[in-house]
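Okay, so here's the structure we're looking at.
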Amino acid sequence: MLRVLAGERVTPPPAVLHSWGDYKVEFAGHHPKFQYYQGGRELYEVEKAFYERFRPDWIHLGSAAWRGFWDQPRKVDGRRAFIRSTDGKRWIEILDNYLLADYSDVPWAQDAPELRLGSRAEVDDYFAAAQYTEQDILDSGRFEHMEMVCREYGDRVLVAINDGAPGYGLPNHSFEEAMIACMEKPDLVAYYIFKACEAFLTDVRAAKAAGAHAYIFSESYGGSLDLLSPEQHERLELDTKRWFYSEVRKIGILGIGYWFGDVRPNMRFLNSLDMVGLLIEEDKKGFVLDPVEVRKLLRPEICLFGNVDSTLMLRGRPDDIRAQVHRQMQAANYGTFVVANGSPLIIGTPRENIDAYMKAARG
């Protein structure tokens, strides 16, 4: 992986599994709704069980939950899952969106600052109230499981943390409010994105200290490049994201962008970023993203990750999965390429389908 991310073509190309999320949690024998309430040794065992079974060329993990959740009792009632309140007096249901039905005794949920987008000074006040240090992150346990993974596997396999991106949306604003703001207050939204990226470099430094090799950023303001014109994305994000990915590289972390939506109209923007890799989605939003086409459009120094359909992995036959993997591997003829699925593995994906995918990728 390090060779291909450094610009060297490898035959066959590396093969990874886009495996952040609840599939691994269930694979390790836990109810999938518990994924945002785990951390430390428990999450390390989740990552270990998945990696040892399928042996992809990276370990793709997310952040741990707030430490206060880790040791709380849990229970399952059919499809429903519950965690004991921190005061120990009641069971709180984990909803279908993975949030708790009640956060009344969770300290950080009560103390979160509110973003007001009225002026630059108000944006500055928001980040001043939410300020934290690298040591704060390490002490929180957010990367404790990753430290364990890196100690065990870091000299053999790429370890990549994937837990969002700065400037993806506006805190305490609905999707609609965030989209309206980018049209009515573009300069303030652009300033917020810059401040968010500036603050997030602390997270990147903490991940580096914990041993991570790469940071994957789930990108595009509003959730998809298709929601705004390329010109508007450039106005909001271009200067900041150029600076941000360059700073990530200076820290010593490999910056990988997982850009949602149709990347093709935005290649001028994406090709200007100092990222080592580009992840793309599957063909699921009314467009077709052919890795061969995207690879031809992508700057040679940026490695492209494939987008094998995770729904095909769930419902398809092994022969169809192998055929798609082999088709996508043709992209390696035009530049650096990594076999990947386009979104996280879906609960219920048969192990034999993942085996077929990995075997096809290994040649």
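Lettering and numbering for the structure tokens are positional, with chains as A, B, ... in the shown order, residues counted from 1 in each chain, and ligands counted from 1 in the shown order.
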| Contacts of Arg315 (chain A) at 10 Å or less, counting only C-alpha atoms, minus same-chain residues fewer than 5 places along, as a VMD selection string? | chain A and resid 310 321 346 348 to 350 353
Please save N, CA and C atoms of the selected residues as a PDB file, in the first residue's frame.
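Listing of again03.pdb after writing:
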```
ATOM      1  N   SER A 310     -21.162  -2.227  -3.095  1.00  0.00           N
ATOM      2  CA  SER A 310     -21.368  -2.966  -1.848  1.00  0.00           C
ATOM      3  C   SER A 310     -22.713  -3.672  -1.829  1.00  0.00           C
ATOM      4  N   ILE A 321     -19.379 -10.820  -8.711  1.00  0.00           N
ATOM      5  CA  ILE A 321     -18.435  -9.995  -7.945  1.00  0.00           C
ATOM      6  C   ILE A 321     -17.046 -10.100  -8.555  1.00  0.00           C
ATOM      7  N   ILE A 346     -22.153  -3.936   3.944  1.00  0.00           N
ATOM      8  CA  ILE A 346     -23.510  -3.915   4.476  1.00  0.00           C
ATOM      9  C   ILE A 346     -23.732  -5.131   5.364  1.00  0.00           C
ATOM     10  N   GLY A 348     -25.000  -8.353   6.782  1.00  0.00           N
ATOM     11  CA  GLY A 348     -25.579  -9.484   6.075  1.00  0.00           C
ATOM     12  C   GLY A 348     -24.793  -9.923   4.857  1.00  0.00           C
ATOM     13  N   THR A 349     -23.754  -9.171   4.486  1.00  0.00           N
ATOM     14  CA  THR A 349     -22.944  -9.570   3.330  1.00  0.00           C
ATOM     15  C   THR A 349     -22.318 -10.936   3.595  1.00  0.00           C
ATOM     16  N   PRO A 350     -22.546 -11.916   2.704  1.00  0.00           N
ATOM     17  CA  PRO A 350     -22.008 -13.266   2.935  1.00  0.00           C
ATOM     18  C   PRO A 350     -20.478 -13.281   2.924  1.00  0.00           C
ATOM     19  N   ASN A 353     -18.891 -14.067  -0.359  1.00  0.00           N
ATOM     20  CA  ASN A 353     -18.811 -12.988  -1.342  1.00  0.00           C
ATOM     21  C   ASN A 353     -17.581 -12.117  -1.112  1.00  0.00           C
TER      22      ASN A 353
END
```
| message | Could you go through region 101-252 of chain A and tell me which residues DSSP, when run on the backbone, assigns to alpha helix (DSSP H), listing them as number ranges by chain? | response | A: 107-111, 120-129, 134-140, 144-153, 175-184, 186-209, 230-233, 239-251
| task | Any chance you could list, as a ChimeraX atom specification, the residues in region 174-233 of chain A that come up strand (DSSP E or B) when DSSP is run on the backbone? | result | /A:214-219
| request: Pick out the residues sitting within 12 Å of Arg249 (chain A), and hand them over as a list of chain:residue names; count only C-alpha atoms, and ignore anything fewer than 2 positions along from it in its own chain. | output: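 Here the qualifying residues turn out to be A:Leu201, A:Val204, A:Arg205, A:Lys208, A:His213, A:Ala214, A:Tyr215, A:Arg242, A:Trp243, A:Phe244, A:Tyr245, A:Ser246, A:Glu247, A:Ile251, A:Gly252, A:Ile253, A:Leu254, A:Gly255, A:Ile256, A:Leu273, A:Asp274, A:Met275, A:Val276.
In this model, the gap between CA of Lys359 (chain A) and CA of Glu26 (chain A) comes to 22.8 Å.
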| query | So which residues touch Val106 (chain A) within 9 Å, counting only C-alpha atoms, skipping near sequence neighbours fewer than 5 positions away, as a list of chain:residue names? | reply |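 Near Val106 (chain A), the qualifying residues are A:Gly68, A:Ser85, A:Thr86.
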Using only N, CA and C atoms, please write the residues we just selected to a file, as a PDB file, in the first residue's frame.
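File written: out_12.pdb
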```pdb
ATOM      1  N   GLY A  68     -17.097   7.174  28.609  1.00  0.00           N
ATOM      2  CA  GLY A  68     -18.150   6.904  29.582  1.00  0.00           C
ATOM      3  C   GLY A  68     -19.124   5.821  29.170  1.00  0.00           C
ATOM      4  N   SER A  85     -27.981   3.808  31.422  1.00  0.00           N
ATOM      5  CA  SER A  85     -27.643   5.215  31.613  1.00  0.00           C
ATOM      6  C   SER A  85     -26.418   5.340  32.505  1.00  0.00           C
ATOM      7  N   THR A  86     -25.709   6.457  32.373  1.00  0.00           N
ATOM      8  CA  THR A  86     -24.472   6.618  33.148  1.00  0.00           C
ATOM      9  C   THR A  86     -24.743   6.709  34.647  1.00  0.00           C
TER      10      THR A  86
END
```
| message | Which residues are close to Leu61 (chain A), i.e. within 8 Å by only C-alpha atoms, leaving aside same-chain residues fewer than 4 positions away? Reply as a list in words. | response | Ser19, Trp20, Gly21, Glu47, Met146, Val159, Ala160, Ile161 and Asn162 of chain A
| message | Using only C-alpha atoms, can you tell me which of A:Leu2, A:Ala361, A:Lys185, A:Arg84 comes closest to Gly277 (chain A)? | response |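 Going through A:Leu2, A:Ala361, A:Lys185, A:Arg84 one by one, the smallest distance to Gly277 (chain A) is for A:Leu2.
Put simply, CA of Ile137 (chain A) is 22.6 Å away from CA of Tyr98 (chain A).
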| For Tyr132 (chain A), which of A:Gln38, A:Thr240, A:Thr202, A:Ser229 is the closest residue, counting only C-alpha atoms? | A:Thr202
| field | Distance criterion (only C-alpha atoms): nearest to Ala212 (chain A) out of A:Pro318, A:Gly141, A:Pro344, A:Gly154 | value | A:Gly154
